[in-house]
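A quick write-up on the structure given underneath.
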Amino acid sequence: FLVSERLANLLPDSLSGYCLAEVEVSTSEEFRDLNPQLQLPNFRWLQLAGAAGKDDFGLAQDLRCVVSGNALAVLRQANISHCEIERWGGPTTGGTVRRYRAAGSP
């Protein structure tokens, strides 16, 4: 999962189940032709290391990002209007856990 550098800077160390890493993002020639004025933000790689329903960030068996209510509150401080957010039906160890995925992703 990729997050903007702005969102990465909002994520507190107190949230569990993730780490951030550098990532190189490139665009295709077609993308550049269709979006000549678009300046992409810098991105960071959001690596999920937690257990879904236990940690603030985790990966479900269907490979969706599962986040706690605390993590979702932070994500909502950024622009996640293009994301599909649903209640997660898996086991939890406390708090409301929701799925977070970009619209159109598998």
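Residues are referred to by chain and number: the chain letter is A, B, ... according to the order shown in the structure tokens, the number counts from 1 in that chain, and ligands are numbered separately from 1 in the order shown.
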Task: DSSP-assigned alpha helix (DSSP H) among chain A, expressed as a VMD selection string - done: chain A and resid 5 to 10 29 to 34 69 to 75
Return as CSV the residues of stretch 39-91 of chain A lying at most 12 Å from stretch 2-9 of chain A, together with the closest atom-to-atom pair for each and the distance in Å to one decimal, counting only C-alpha atoms, with rows in chain order and ascending residue number.
```
residue,atom,partner,partner_atom,distance
A:Leu40,CA,A:Ser4,CA,9.3
A:Pro41,CA,A:Ser4,CA,6.4
A:Asn42,CA,A:Glu5,CA,5.5
A:Phe43,CA,A:Ser4,CA,4.4
A:Arg44,CA,A:Val3,CA,5.4
A:Trp45,CA,A:Leu2,CA,4.7
A:Leu46,CA,A:Leu2,CA,5.6
A:Gln47,CA,A:Leu2,CA,8.5
A:Leu48,CA,A:Leu2,CA,10.8
A:Cys65,CA,A:Leu2,CA,11.4
A:Ala71,CA,A:Leu7,CA,11.4
A:Leu72,CA,A:Leu7,CA,11.8
A:Ala73,CA,A:Leu7,CA,11.8
A:Val74,CA,A:Leu7,CA,8.3
A:Leu75,CA,A:Leu7,CA,7.2
A:Arg76,CA,A:Leu7,CA,9.5
A:Gln77,CA,A:Leu7,CA,8.0
A:Ala78,CA,A:Leu7,CA,6.0
A:Asn79,CA,A:Leu7,CA,8.7
A:Ile80,CA,A:Leu7,CA,10.0
```
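Here atom CA of A:Gly90 stands at a distance of 13.8 Å from atom CA of A:Phe57.
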Open item on the list: Measuring between only C-alpha atoms, which one of A:Pro36, A:Ser81, A:Pro91, A:Leu15 shows the shortest distance to A:Gln61?
Closed with: A:Pro91
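In this structure, atom CA of A:Ala49 sits 8.5 Å away from atom CA of A:Ser16.
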- [ ] Taking the DSSP assignment computed from this structure's backbone, write out as a list in words all residues of stretch 4-74 of chain A that belong to strand (DSSP E or B).
- [x] Ser4, Tyr18, Cys19, Leu20, Ala21, Glu22, Phe43, Arg44, Trp45, Leu46, Gln47, Leu48, Ala51, Phe57, Gly58, Leu59, Cys65, Val66, Val67 and Ser68 of chain A
Restricted to C-alpha atoms, what would the selected residues look like written as an mmCIF file, in the first residue's frame?
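Below you can see out.cif, which holds the result:
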```cif
data_model
loop_
_atom_site.group_PDB
_atom_site.id
_atom_site.type_symbol
_atom_site.label_atom_id
_atom_site.label_comp_id
_atom_site.auth_asym_id
_atom_site.auth_seq_id
_atom_site.Cartn_x
_atom_site.Cartn_y
_atom_site.Cartn_z
ATOM 1 C CA SER A 4 1.266 10.207 0.493
ATOM 2 C CA TYR A 18 2.779 -0.922 10.253
ATOM 3 C CA CYS A 19 6.092 0.486 9.183
ATOM 4 C CA LEU A 20 6.940 3.044 6.535
ATOM 5 C CA ALA A 21 9.607 2.623 3.886
ATOM 6 C CA GLU A 22 10.940 4.553 0.935
ATOM 7 C CA PHE A 43 4.752 8.596 -1.578
ATOM 8 C CA ARG A 44 5.821 6.223 1.200
ATOM 9 C CA TRP A 45 5.332 2.453 1.309
ATOM 10 C CA LEU A 46 2.932 1.500 4.100
ATOM 11 C CA GLN A 47 4.065 -2.009 4.985
ATOM 12 C CA LEU A 48 1.481 -3.961 6.966
ATOM 13 C CA ALA A 51 -2.668 -8.943 12.538
ATOM 14 C CA PHE A 57 -3.074 -1.978 10.797
ATOM 15 C CA GLY A 58 -3.289 -5.538 9.534
ATOM 16 C CA LEU A 59 -3.741 -7.589 6.401
ATOM 17 C CA CYS A 65 -5.950 -3.520 4.648
ATOM 18 C CA VAL A 66 -7.817 -3.740 7.968
ATOM 19 C CA VAL A 67 -7.560 -0.751 10.281
ATOM 20 C CA SER A 68 -8.775 0.034 13.775
#
```
TODO: Would you work out the distance separating atom CA of A:Phe1 from atom CA of A:Thr27, expressed in Å to one decimal?
DONE: 16.7 Å
